[in-house]
$ cat target01.csv   # CSV, C-alpha atoms and all ligand atoms
chain,number,residue,atom,x,y,z
S,124,MET,CA,0.0,0.0,0.0
S,125,ASN,CA,1.5,3.3,-1.0
S,126,LYS,CA,0.3,6.7,0.2
S,127,GLN,CA,-2.3,7.2,-2.5
S,128,GLN,CA,-3.8,3.8,-2.0
S,129,ILE,CA,-4.1,4.5,1.8
S,130,ILE,CA,-5.8,7.8,1.0
S,131,ASP,CA,-8.2,6.1,-1.3
S,132,ILE,CA,-9.1,3.5,1.2
S,133,LEU,CA,-9.6,6.1,4.0
S,134,ASN,CA,-11.9,8.1,1.7
S,135,ASP,CA,-14.0,5.2,0.5
S,136,ASN,CA,-16.4,3.8,3.1
S,137,SER,CA,-17.9,1.1,0.9
S,138,LYS,CA,-15.3,-1.5,1.7
S,139,ASN,CA,-14.8,-0.9,5.5
S,140,GLN,CA,-16.0,-4.3,6.5
S,141,GLU,CA,-13.6,-6.0,4.1
S,142,ILE,CA,-10.7,-3.9,5.5
S,143,PHE,CA,-11.6,-4.7,9.1
S,144,ALA,CA,-11.9,-8.4,8.3
S,145,LEU,CA,-8.5,-8.4,6.5
S,146,ALA,CA,-6.8,-6.7,9.4
S,147,ASP,CA,-8.4,-9.3,11.8
S,148,LYS,CA,-7.0,-12.1,9.6
S,149,VAL,CA,-3.5,-10.5,9.5
S,150,ARG,CA,-3.6,-10.1,13.3
S,151,HIS,CA,-4.6,-13.8,13.7
S,152,GLU,CA,-1.9,-15.1,11.4
S,153,ASN,CA,0.9,-12.9,12.8
S,154,VAL,CA,0.3,-12.4,16.5
S,155,GLY,CA,-2.2,-15.0,17.2
S,156,ASP,CA,-5.4,-15.0,19.2
S,157,SER,CA,-4.2,-14.0,22.6
S,158,VAL,CA,-4.8,-10.6,24.0
S,159,HIS,CA,-2.2,-8.9,26.2
S,160,LEU,CA,-3.5,-7.0,29.1
S,161,ARG,CA,-1.5,-4.1,30.5
S,162,GLY,CA,-2.3,-2.5,33.8
S,163,LEU,CA,-2.3,1.3,33.5
S,164,ILE,CA,-1.3,3.5,36.4
S,165,GLU,CA,-2.0,7.2,36.0
S,166,PHE,CA,0.3,8.5,38.7
S,167,SER,CA,0.1,12.2,38.2
S,168,ASP,CA,-2.1,14.6,36.3
S,169,ILE,CA,0.2,17.6,36.7
S,170,CYS,CA,1.5,18.7,33.3
S,171,ARG,CA,3.9,21.4,32.1
S,172,CYS,CA,2.5,21.1,28.5
S,173,ASP,CA,-0.4,22.9,27.0
S,174,CYS,CA,-1.7,20.6,24.3
S,175,LEU,CA,-4.9,22.1,23.0
S,176,TYR,CA,-6.9,18.9,23.0
S,177,CYS,CA,-5.9,17.6,26.4
S,178,GLY,CA,-7.8,18.1,29.7
S,179,LEU,CA,-4.5,17.9,31.7
S,180,ARG,CA,-3.1,21.0,29.9
S,181,CYS,CA,-1.5,23.4,32.3
S,182,SER,CA,-3.9,26.2,31.2
S,183,ASN,CA,-6.8,24.2,32.6
S,184,LYS,CA,-7.2,25.8,35.9
S,185,THR,CA,-10.2,23.7,36.9
S,186,ALA,CA,-8.4,20.4,36.8
S,187,ASP,CA,-8.1,18.7,40.2
S,188,ARG,CA,-4.4,18.0,40.3
S,189,TYR,CA,-2.8,15.1,42.2
S,190,ARG,CA,0.5,13.2,42.5
S,191,ILE,CA,0.8,9.7,43.8
S,192,ASN,CA,3.9,9.1,45.9
S,193,LYS,CA,6.4,6.5,44.9
S,194,ASP,CA,5.5,4.0,47.6
S,195,GLU,CA,1.8,4.1,46.7
S,196,ILE,CA,2.7,3.7,43.0
S,197,VAL,CA,4.6,0.6,43.8
S,198,SER,CA,1.8,-0.8,46.0
S,199,ILE,CA,-0.8,-0.1,43.2
S,200,ALA,CA,1.5,-2.0,40.9
S,201,ARG,CA,1.8,-4.9,43.3
S,202,ASN,CA,-2.0,-5.2,43.5
S,203,ALA,CA,-2.2,-5.2,39.7
S,204,VAL,CA,0.5,-7.9,39.5
S,205,SER,CA,-1.2,-10.0,42.1
S,206,ILE,CA,-4.3,-10.3,40.0
S,207,GLY,CA,-2.4,-11.3,36.9
S,208,TYR,CA,-1.0,-8.3,35.0
S,209,LYS,CA,2.3,-9.0,33.2
S,210,THR,CA,2.9,-5.4,32.2
S,211,ILE,CA,2.6,-2.3,34.2
S,212,VAL,CA,2.3,1.0,32.3
S,213,LEU,CA,3.2,4.1,34.2
S,214,GLN,CA,1.6,7.2,32.7
S,215,SER,CA,1.4,10.8,33.8
S,216,GLY,CA,1.4,14.4,32.6
S,217,GLU,CA,4.8,15.9,32.1
S,218,ASP,CA,5.4,16.4,35.8
S,219,LEU,CA,8.9,17.5,36.7
S,220,PHE,CA,8.3,16.7,40.4
S,221,TYR,CA,9.5,13.1,39.8
S,222,ASN,CA,13.2,13.3,39.2
S,223,THR,CA,15.3,10.6,37.5
S,224,ASP,CA,16.2,8.9,40.8
S,225,THR,CA,12.6,8.6,41.8
S,226,ILE,CA,11.4,7.2,38.5
S,227,CYS,CA,14.3,4.8,38.5
S,228,GLU,CA,13.5,3.6,42.0
S,229,ILE,CA,9.9,3.0,41.0
S,230,ILE,CA,11.0,1.1,37.9
S,231,ARG,CA,13.4,-1.1,39.9
S,232,LYS,CA,10.8,-2.0,42.5
S,233,ILE,CA,8.2,-2.9,39.9
S,234,LYS,CA,10.7,-4.9,37.9
S,235,SER,CA,11.5,-7.0,40.9
S,236,MET,CA,7.8,-8.3,40.6
S,237,ASP,CA,8.8,-10.0,37.4
S,238,VAL,CA,6.7,-8.0,34.9
S,239,ALA,CA,7.4,-5.8,32.0
S,240,VAL,CA,7.4,-2.0,32.6
S,241,THR,CA,6.2,0.5,30.1
S,242,LEU,CA,6.6,4.3,30.6
S,243,SER,CA,4.4,6.9,29.2
S,244,ILE,CA,5.7,10.1,30.8
S,245,GLY,CA,6.5,12.3,27.8
S,246,GLU,CA,9.5,14.0,26.4
S,247,LYS,CA,12.8,13.5,28.4
S,248,THR,CA,16.5,13.8,27.6
S,249,TYR,CA,18.5,11.0,26.1
S,250,ASP,CA,20.3,10.5,29.5
S,251,GLU,CA,17.0,10.3,31.3
S,252,TYR,CA,15.7,7.7,28.9
S,253,LYS,CA,19.0,5.8,29.3
S,254,ALA,CA,18.8,5.8,33.1
S,255,TYR,CA,15.3,4.3,33.0
S,256,LYS,CA,16.4,1.7,30.5
S,257,VAL,CA,19.5,0.8,32.6
S,258,VAL,CA,17.3,0.0,35.7
S,259,GLY,CA,15.0,-2.2,33.6
S,260,ALA,CA,12.3,-0.2,31.8
S,261,ASP,CA,11.2,-2.3,28.8
S,262,ARG,CA,8.9,-0.1,26.7
S,263,TYR,CA,8.0,3.5,26.1
S,264,LEU,CA,4.9,5.1,24.7
S,265,LEU,CA,5.1,8.4,23.0
S,266,ARG,CA,2.6,9.1,20.4
S,267,ILE,CA,3.6,11.4,17.5
S,268,GLU,CA,-0.1,12.6,17.7
S,269,THR,CA,0.1,13.9,14.1
S,270,THR,CA,2.8,14.0,11.5
S,271,ASP,CA,1.3,17.2,10.0
S,272,VAL,CA,3.9,19.6,11.2
S,273,ASN,CA,1.7,22.7,11.0
S,274,LEU,CA,-1.1,21.0,12.8
S,275,TYR,CA,1.4,19.7,15.3
S,276,LYS,CA,2.6,23.2,16.0
S,277,THR,CA,-0.9,24.5,16.4
S,278,MET,CA,-1.9,21.7,18.8
S,279,HIS,CA,1.3,21.8,20.9
S,280,PRO,CA,2.4,25.3,22.0
S,281,ASN,CA,6.0,25.8,23.2
S,282,VAL,CA,7.3,22.4,22.1
S,283,SER,CA,8.8,21.2,18.9
S,284,PHE,CA,7.8,18.5,16.4
S,285,GLU,CA,11.6,17.9,15.8
S,286,ASN,CA,12.1,17.1,19.5
S,287,ARG,CA,9.2,14.7,19.5
S,288,ILE,CA,10.9,12.8,16.6
S,289,LYS,CA,14.3,13.0,18.3
S,290,CYS,CA,12.8,11.5,21.5
S,291,LEU,CA,11.4,8.6,19.5
S,292,GLU,CA,14.7,8.0,17.7
S,293,ASN,CA,16.5,8.1,21.1
S,294,LEU,CA,14.1,5.6,22.6
S,295,LYS,CA,14.6,3.3,19.6
S,296,SER,CA,18.4,3.6,19.7
S,297,LEU,CA,18.4,2.7,23.5
S,298,GLY,CA,16.6,-0.5,22.7
S,299,TYR,CA,13.2,0.2,24.1
S,300,GLU,CA,10.1,-1.4,22.5
S,301,VAL,CA,8.7,1.9,21.2
S,302,GLY,CA,5.0,2.7,21.1
S,303,THR,CA,3.7,5.6,19.1
S,304,GLY,CA,0.4,6.5,17.5
S,305,CYS,CA,-1.9,9.3,16.6
S,306,LEU,CA,-5.2,11.0,17.3
S,307,VAL,CA,-7.8,10.8,14.6
S,308,GLY,CA,-10.2,13.7,14.0
S,309,LEU,CA,-8.3,16.7,15.3
S,310,PRO,CA,-9.7,19.9,13.8
S,311,ASN,CA,-8.2,20.6,10.4
S,312,GLN,CA,-6.5,17.2,10.2
S,313,THR,CA,-6.5,15.8,6.7
S,314,VAL,CA,-6.9,12.2,5.4
S,315,ASP,CA,-3.6,12.9,3.5
S,316,SER,CA,-1.8,13.4,6.9
S,317,LEU,CA,-3.4,10.3,8.4
S,318,ALA,CA,-1.8,8.3,5.5
S,319,ASP,CA,1.5,10.0,6.4
S,320,ASP,CA,1.0,8.9,10.0
S,321,ILE,CA,0.7,5.3,9.0
S,322,LEU,CA,3.8,5.6,6.8
S,323,PHE,CA,5.6,7.2,9.7
S,324,PHE,CA,4.8,4.3,12.0
S,325,LYS,CA,6.2,1.9,9.4
S,326,ALA,CA,9.4,4.0,8.8
S,327,LEU,CA,10.0,4.2,12.5
S,328,ASP,CA,9.4,0.5,12.8
S,329,ALA,CA,7.3,1.1,15.9
S,330,ASP,CA,6.8,-1.9,18.1
S,331,MET,CA,3.4,-0.7,19.2
S,332,VAL,CA,0.9,1.7,17.7
S,333,GLY,CA,-2.0,3.2,19.6
S,334,ILE,CA,-4.7,5.0,17.7
S,335,GLY,CA,-7.8,6.7,19.1
S,336,PRO,CA,-10.4,9.3,18.1
S,337,PHE,CA,-10.0,12.8,19.3
S,338,ILE,CA,-12.6,13.5,22.0
S,339,PRO,CA,-13.3,17.2,22.9
S,340,HIS,CA,-12.8,18.2,26.5
S,341,LYS,CA,-14.9,21.1,27.9
S,342,GLN,CA,-12.0,22.9,29.6
S,343,THR,CA,-9.9,23.2,26.5
S,344,PRO,CA,-9.8,25.5,23.4
S,345,LEU,CA,-11.2,22.6,21.4
S,346,LYS,CA,-14.4,22.3,23.5
S,347,ASP,CA,-16.7,23.1,20.5
S,348,SER,CA,-15.0,20.8,18.0
S,349,VAL,CA,-16.6,17.5,17.0
S,350,SER,CA,-15.3,14.2,18.1
S,351,GLY,CA,-13.2,12.1,15.7
S,352,SER,CA,-15.1,9.4,13.8
S,353,PHE,CA,-15.0,5.9,15.2
S,354,ASP,CA,-15.0,4.2,11.8
S,355,LEU,CA,-12.1,6.4,10.6
S,356,ALA,CA,-10.0,5.8,13.7
S,357,LEU,CA,-10.8,2.1,13.3
S,358,LYS,CA,-9.7,2.1,9.7
S,359,VAL,CA,-6.4,3.9,10.4
S,360,MET,CA,-5.9,1.2,13.1
S,361,ALA,CA,-6.8,-1.6,10.7
S,362,LEU,CA,-4.5,-0.3,7.9
S,363,THR,CA,-1.7,0.0,10.4
S,364,ARG,CA,-2.2,-3.7,11.2
S,365,ILE,CA,-2.1,-4.6,7.6
S,366,LYS,CA,1.1,-2.6,7.0
S,367,MET,CA,2.7,-3.9,10.2
S,368,PRO,CA,1.6,-7.5,10.8
S,369,ASN,CA,3.6,-8.4,13.9
S,370,ILE,CA,3.4,-5.3,16.1
S,371,ASN,CA,1.2,-4.8,19.2
S,372,ILE,CA,-1.9,-2.7,18.7
S,373,PRO,CA,-4.1,-1.7,21.6
S,374,ALA,CA,-7.8,-1.4,21.5
S,375,THR,CA,-7.8,2.1,23.0
S,376,THR,CA,-10.1,3.4,25.7
S,377,ALA,CA,-11.0,6.4,23.5
S,378,MET,CA,-12.5,3.9,21.0
S,379,GLU,CA,-14.7,2.6,23.8
S,380,VAL,CA,-15.7,6.1,24.9
S,381,ILE,CA,-17.3,6.9,21.5
S,382,ASN,CA,-18.6,3.4,20.9
S,383,PRO,CA,-20.0,1.3,23.7
S,384,ASN,CA,-18.4,-1.8,22.2
S,385,GLY,CA,-15.4,0.0,20.8
S,386,ARG,CA,-12.6,-2.1,22.3
S,387,ILE,CA,-14.1,-5.4,21.3
S,388,ILE,CA,-14.8,-4.1,17.7
S,389,ALA,CA,-11.1,-2.9,17.7
S,390,LEU,CA,-9.9,-6.4,18.8
S,391,GLN,CA,-11.8,-7.8,15.9
S,392,SER,CA,-10.3,-5.3,13.4
S,393,GLY,CA,-6.6,-5.7,14.1
S,394,ALA,CA,-5.9,-5.0,17.8
S,395,ASN,CA,-4.4,-7.5,20.2
S,396,VAL,CA,-3.8,-5.5,23.4
S,397,VAL,CA,-6.1,-3.9,26.0
S,398,MET,CA,-4.9,-1.5,28.7
S,399,PRO,CA,-7.3,-1.6,31.7
S,400,ASN,CA,-6.9,1.2,34.1
S,401,VAL,CA,-5.7,0.0,37.5
S,402,THR,CA,-5.4,3.5,39.1
S,403,PRO,CA,-7.4,3.7,42.3
S,404,GLU,CA,-10.7,5.5,41.7
S,405,ILE,CA,-9.9,8.6,43.9
S,406,TYR,CA,-7.2,9.5,41.4
S,407,ARG,CA,-8.6,8.0,38.2
S,408,THR,CA,-11.6,10.3,38.2
S,409,LYS,CA,-9.2,13.3,38.3
S,410,TYR,CA,-7.1,12.1,35.3
S,411,GLU,CA,-9.3,13.5,32.6
S,412,ILE,CA,-7.4,13.7,29.4
S,413,TYR,CA,-10.8,13.5,27.7
S,414,PRO,CA,-14.3,13.1,29.1
S,415,GLY,CA,-16.0,9.8,29.5
S,416,LYS,CA,-12.9,7.6,30.1
S,417,ASN,CA,-13.8,7.0,33.7
S,418,ASN,CA,-17.2,5.6,33.1
S,419,ILE,CA,-15.6,2.5,31.6
S,420,CYS,CA,-13.6,1.0,34.4
S,421,ASP,CA,-14.8,-0.4,37.7
S,422,GLU,CA,-12.9,-1.7,40.6
S,423,LEU,CA,-9.6,-3.5,39.9
S,424,GLU,CA,-10.6,-7.1,40.0
S,425,GLN,CA,-14.0,-6.6,38.5
S,426,ALA,CA,-12.6,-4.6,35.6
S,427,ARG,CA,-10.1,-7.4,34.9
S,428,LEU,CA,-12.9,-10.0,35.1
S,429,GLU,CA,-15.2,-8.1,32.8
S,430,ILE,CA,-12.6,-7.6,30.1
S,431,GLU,CA,-11.4,-11.2,30.4
S,432,ASN,CA,-15.0,-12.4,29.9
S,433,LYS,CA,-15.4,-10.1,26.9
S,434,ILE,CA,-12.2,-11.4,25.4
S,435,LYS,CA,-13.4,-15.0,25.9
S,436,SER,CA,-16.8,-14.2,24.5
S,437,ILE,CA,-15.1,-13.5,21.1
S,438,LYS,CA,-13.1,-16.7,21.3
S,439,ARG,CA,-9.8,-15.1,22.2
S,440,ALA,CA,-7.6,-15.9,25.1
S,441,VAL,CA,-5.9,-13.7,27.7
S,442,SER,CA,-2.1,-13.9,27.2
S,443,GLN,CA,-0.1,-15.3,30.1
S,444,ASP,CA,3.3,-13.9,28.9
S,445,TYR,CA,4.9,-10.4,28.9
S,446,GLY,CA,3.5,-9.6,25.5
S,447,ASN,CA,6.6,-8.3,23.8
S,448,ARG,CA,6.5,-7.7,20.1
S,449,ARG,CA,6.7,-10.9,18.1
S,450,LYS,CA,9.6,-10.8,15.7
S,501,LIG,N1,2.2,13.0,28.9
S,501,LIG,C1,2.3,11.7,28.2
S,501,LIG,C2,1.0,11.0,28.2
S,501,LIG,C3,-0.1,11.6,27.5
S,501,LIG,S1,-1.8,11.0,27.7
S,501,LIG,C4,2.8,12.0,26.8
S,501,LIG,O1,3.0,13.1,26.4
S,501,LIG,O2,3.1,11.1,26.0
S,501,LIG,C5,-1.8,9.7,26.4
S,501,LIG,C6,-2.5,10.1,25.1
S,501,LIG,O3,-3.8,10.5,25.3
S,501,LIG,C7,-1.9,11.2,24.4
S,501,LIG,O4,-0.7,10.8,23.7
S,501,LIG,C8,-3.0,11.6,23.4
S,501,LIG,O5,-2.9,11.0,22.1
S,501,LIG,C9,-4.3,11.1,24.1
S,501,LIG,N2,-5.2,12.2,24.3
S,501,LIG,C10,-5.0,13.3,25.0
S,501,LIG,N3,-6.1,14.1,24.9
S,501,LIG,C11,-7.0,13.5,24.2
S,501,LIG,C12,-8.3,13.8,23.7
S,501,LIG,N4,-8.9,14.9,24.0
S,501,LIG,N5,-9.0,12.8,23.0
S,501,LIG,C13,-8.4,11.7,22.7
S,501,LIG,N6,-7.2,11.3,23.1
S,501,LIG,C14,-6.5,12.2,23.8
$ encode --input "target01.csv" --output "structure tokens"
Amino acid sequence: MNKQQIIDILNDNSKNQEIFALADKVRHENVGDSVHLRGLIEFSDICRCDCLYCGLRCSNKTADRYRINKDEIVSIARNAVSIGYKTIVLQSGEDLFYNTDTICEIIRKIKSMDVAVTLSIGEKTYDEYKAYKVVGADRYLLRIETTDVNLYKTMHPNVSFENRIKCLENLKSLGYEVGTGCLVGLPNQTVDSLADDILFFKALDADMVGIGPFIPHKQTPLKDSVSGSFDLALKVMALTRIKMPNINIPATTAMEVINPNGRIIALQSGANVVMPNVTPEIYRTKYEIYPGKNNICDELEQARLEIENKIKSIKRAVSQDYGNRRK
């Protein structure tokens, strides 16, 4: 598939079901039927960035900000590991309160529980990424968000597209499994640029790609914009699977927010990963990158059971291993 073919498929809705079925087949043949569950801990909603779409942006003065201390983060991870999670994802706003030593100490303690550790804490220096890797971090998620440089600049004041790329290259060169991805349906985003996003994932040789629809948040400048389309986000995801048969692709929470069965549909259209939220409810409700995400998850064990049952109901199995990219 070259760029023009991707654009044509994205513009033509008459063959969507065939595309989703093909992506499902490619997923089955290349990464199998098991679904990897990753336990997501949202440990701080404090952020120095001002991304126009995100509810955690520093200009949102109404957000209820919190930080979970390192001991509590480790204990949340321990609970998640005790009920079966094989990967812990640590996500936060870009909160400079946690210095390299603190992050490294948290990683070390979680790694001693015999699980994979994924970080999703934004743009850091090469030396910081290296320090996390040395103590055992396995993976890093940093979405490019959009490869349209002008749109990127509009959406992300005071940061640079070039640095985002540099961060992804640094992570790759340090030997992380690198996750990236994009938002679908940002105001003024074109189908042409979505095709470029898919080609970018391929060129980077991303190990994981997370794709979700943009969902407007009331306390942001994009409050009056329309949500991204579920079908378009699903199609970008499906085409990514077809282009990159052996990577990990999550059925994102944002998909579930705009479609009540969104994650299961995504699992049947190319995805093979789900990231249930294991953050305690008192914090989770405050971590509002977009609205609606907290209606989905319940208490820790119940959430795990519910998603396991859904996975089994579509004749898929819950993976028992770390869920690295299959090469
Ligand atoms: N600070 C970290 C984590 C960001 S939150 C980082 O910079 O990587 C994880 C993802 O949520 C973001 O990469 C973005 O793609 C997504 N997100 C943020 N706001 C959103 C919105 N309004 N709708 C849908 N997804 C959103």
$ residues_near_ligand --input "target01.csv" --ligand "ligand LIG 501 (chain S)" --cutoff "7 Å" --atoms "all atoms listed in the file" --output "NGL selection string"
:S and (176-178 or 214-217 or 243-246 or 264-266 or 268 or 305-306 or 335-340 or 377 or 412-413)
$ residues_around --input "target01.csv" --residues "stretch 222-230 of chain S" --least-positions-apart "4" --cutoff "7 Å" --atoms "all atoms listed in the file" --output "PyMOL selection string"
chain S and resi 193+197+234+251+255+258-260
$ residues_near_point --input "target01.csv" --point "(-2.3, 13.7, 7.2)" --cutoff "12 Å" --atoms "only C-alpha atoms" --output "short mmCIF file (atom, residue, chain, number, x, y, z; two decimals) with C-alpha atoms, in the frame of the given file"
data_model
loop_
_atom_site.label_atom_id
_atom_site.label_comp_id
_atom_site.auth_asym_id
_atom_site.auth_seq_id
_atom_site.Cartn_x
_atom_site.Cartn_y
_atom_site.Cartn_z
CA LYS S 126 0.30 6.70 0.20
CA GLN S 127 -2.30 7.20 -2.50
CA ILE S 129 -4.10 4.50 1.80
CA ILE S 130 -5.80 7.80 1.00
CA LEU S 133 -9.60 6.10 4.00
CA GLU S 268 -0.10 12.60 17.70
CA THR S 269 0.10 13.90 14.10
CA THR S 270 2.80 14.00 11.50
CA ASP S 271 1.30 17.20 10.00
CA VAL S 272 3.90 19.60 11.20
CA ASN S 273 1.70 22.70 11.00
CA LEU S 274 -1.10 21.00 12.80
CA TYR S 275 1.40 19.70 15.30
CA CYS S 305 -1.90 9.30 16.60
CA LEU S 306 -5.20 11.00 17.30
CA VAL S 307 -7.80 10.80 14.60
CA GLY S 308 -10.20 13.70 14.00
CA LEU S 309 -8.30 16.70 15.30
CA PRO S 310 -9.70 19.90 13.80
CA ASN S 311 -8.20 20.60 10.40
CA GLN S 312 -6.50 17.20 10.20
CA THR S 313 -6.50 15.80 6.70
CA VAL S 314 -6.90 12.20 5.40
CA ASP S 315 -3.60 12.90 3.50
CA SER S 316 -1.80 13.40 6.90
CA LEU S 317 -3.40 10.30 8.40
CA ALA S 318 -1.80 8.30 5.50
CA ASP S 319 1.50 10.00 6.40
CA ASP S 320 1.00 8.90 10.00
CA ILE S 321 0.70 5.30 9.00
CA LEU S 322 3.80 5.60 6.80
CA PHE S 323 5.60 7.20 9.70
CA VAL S 359 -6.40 3.90 10.40
#
$ residues_around --input "target01.csv" --residues "S:Val149" --least-positions-apart "6" --cutoff "8 Å" --atoms "all atoms listed in the file" --output "PyMOL selection string"
chain S and resi 364-365+368+393
$ atom_distance --input "target01.csv" --atom1 "atom CA of S:Val332" --atom2 "atom CA of S:Ile370"
7.6 Å
$ closest_residue --input "target01.csv" --among "S:Arg427, S:Ala440, S:Lys433, S:Asn369" --to "S:Asn153" --atoms "all atoms listed in the file"
S:Asn369
$ closest_residue --input "target01.csv" --among "S:Ser137, S:Pro414, S:Leu145, S:Leu242" --to "S:Thr343" --atoms "all atoms listed in the file"
S:Pro414
$ closest_residue --input "target01.csv" --among "S:Ile388, S:His159, S:Glu195, S:Asp147" --to "S:Gly207" --atoms "all atoms listed in the file"
S:His159
$ residues_near_point --input "target01.csv" --point "(10.1, 14.1, 20.0)" --cutoff "10 Å" --atoms "all atoms listed in the file" --output "VMD selection string"
chain S and resid 245 to 248 265 to 267 282 to 294
$ atom_distance --input "target01.csv" --atom1 "atom CA of S:Ile191" --atom2 "atom CA of S:Asp261"
21.8 Å
$ atom_distance --input "target01.csv" --atom1 "atom CA of S:Leu297" --atom2 "atom CA of S:Lys253"
6.6 Å
$ build_atoms --input "target01.csv" --residues "stretch 336-342 of chain S" --atoms "all heavy atoms" --output "PDB file, in the frame of the given file"
ATOM      1  N   PRO S 336      -9.720   8.043  18.547  1.00  0.00           N
ATOM      2  CA  PRO S 336     -10.400   9.300  18.100  1.00  0.00           C
ATOM      3  C   PRO S 336     -10.138  10.418  19.044  1.00  0.00           C
ATOM      4  O   PRO S 336     -10.031  10.206  20.259  1.00  0.00           O
ATOM      5  CB  PRO S 336     -11.877   8.861  18.105  1.00  0.00           C
ATOM      6  CG  PRO S 336     -11.973   7.817  19.168  1.00  0.00           C
ATOM      7  CD  PRO S 336     -10.660   7.058  19.100  1.00  0.00           C
ATOM      8  N   PHE S 337     -10.029  11.608  18.517  1.00  0.00           N
ATOM      9  CA  PHE S 337     -10.000  12.800  19.300  1.00  0.00           C
ATOM     10  C   PHE S 337     -11.365  12.997  19.990  1.00  0.00           C
ATOM     11  O   PHE S 337     -12.397  12.865  19.331  1.00  0.00           O
ATOM     12  CB  PHE S 337      -9.624  14.023  18.478  1.00  0.00           C
ATOM     13  CG  PHE S 337     -10.122  15.329  19.032  1.00  0.00           C
ATOM     14  CD1 PHE S 337      -9.563  15.849  20.191  1.00  0.00           C
ATOM     15  CD2 PHE S 337     -11.162  16.015  18.412  1.00  0.00           C
ATOM     16  CE1 PHE S 337     -10.043  17.041  20.724  1.00  0.00           C
ATOM     17  CE2 PHE S 337     -11.636  17.210  18.937  1.00  0.00           C
ATOM     18  CZ  PHE S 337     -11.080  17.728  20.092  1.00  0.00           C
ATOM     19  N   ILE S 338     -11.371  13.291  21.286  1.00  0.00           N
ATOM     20  CA  ILE S 338     -12.600  13.500  22.000  1.00  0.00           C
ATOM     21  C   ILE S 338     -12.523  14.911  22.677  1.00  0.00           C
ATOM     22  O   ILE S 338     -11.614  15.148  23.481  1.00  0.00           O
ATOM     23  CB  ILE S 338     -12.851  12.442  23.087  1.00  0.00           C
ATOM     24  CG1 ILE S 338     -12.948  11.064  22.410  1.00  0.00           C
ATOM     25  CG2 ILE S 338     -14.106  12.733  23.917  1.00  0.00           C
ATOM     26  CD1 ILE S 338     -12.884   9.894  23.379  1.00  0.00           C
ATOM     27  N   PRO S 339     -13.429  15.846  22.321  1.00  0.00           N
ATOM     28  CA  PRO S 339     -13.300  17.200  22.900  1.00  0.00           C
ATOM     29  C   PRO S 339     -13.515  17.263  24.371  1.00  0.00           C
ATOM     30  O   PRO S 339     -14.384  16.587  24.907  1.00  0.00           O
ATOM     31  CB  PRO S 339     -14.356  18.007  22.115  1.00  0.00           C
ATOM     32  CG  PRO S 339     -15.297  17.006  21.550  1.00  0.00           C
ATOM     33  CD  PRO S 339     -14.544  15.727  21.383  1.00  0.00           C
ATOM     34  N   HIS S 340     -12.695  18.050  25.035  1.00  0.00           N
ATOM     35  CA  HIS S 340     -12.800  18.200  26.500  1.00  0.00           C
ATOM     36  C   HIS S 340     -13.272  19.661  26.740  1.00  0.00           C
ATOM     37  O   HIS S 340     -12.737  20.611  26.168  1.00  0.00           O
ATOM     38  CB  HIS S 340     -11.409  17.991  27.096  1.00  0.00           C
ATOM     39  CG  HIS S 340     -11.396  17.983  28.591  1.00  0.00           C
ATOM     40  ND1 HIS S 340     -11.649  19.104  29.348  1.00  0.00           N
ATOM     41  CD2 HIS S 340     -11.172  16.971  29.476  1.00  0.00           C
ATOM     42  CE1 HIS S 340     -11.578  18.783  30.638  1.00  0.00           C
ATOM     43  NE2 HIS S 340     -11.287  17.495  30.737  1.00  0.00           N
ATOM     44  N   LYS S 341     -14.241  19.796  27.622  1.00  0.00           N
ATOM     45  CA  LYS S 341     -14.900  21.100  27.900  1.00  0.00           C
ATOM     46  C   LYS S 341     -13.951  22.198  28.326  1.00  0.00           C
ATOM     47  O   LYS S 341     -14.183  23.371  28.045  1.00  0.00           O
ATOM     48  CB  LYS S 341     -15.957  20.926  28.997  1.00  0.00           C
ATOM     49  CG  LYS S 341     -17.267  20.309  28.518  1.00  0.00           C
ATOM     50  CD  LYS S 341     -18.218  21.412  28.031  1.00  0.00           C
ATOM     51  CE  LYS S 341     -19.434  20.852  27.300  1.00  0.00           C
ATOM     52  NZ  LYS S 341     -19.088  20.211  26.006  1.00  0.00           N
ATOM     53  N   GLN S 342     -12.903  21.838  29.054  1.00  0.00           N
ATOM     54  CA  GLN S 342     -12.000  22.900  29.600  1.00  0.00           C
ATOM     55  C   GLN S 342     -10.790  23.080  28.704  1.00  0.00           C
ATOM     56  O   GLN S 342      -9.698  23.357  29.195  1.00  0.00           O
ATOM     57  CB  GLN S 342     -11.576  22.492  31.018  1.00  0.00           C
ATOM     58  CG  GLN S 342     -12.709  22.257  31.991  1.00  0.00           C
ATOM     59  CD  GLN S 342     -13.559  23.511  32.216  1.00  0.00           C
ATOM     60  OE1 GLN S 342     -13.079  24.624  32.060  1.00  0.00           O
ATOM     61  NE2 GLN S 342     -14.809  23.317  32.571  1.00  0.00           N
TER      62      GLN S 342
END
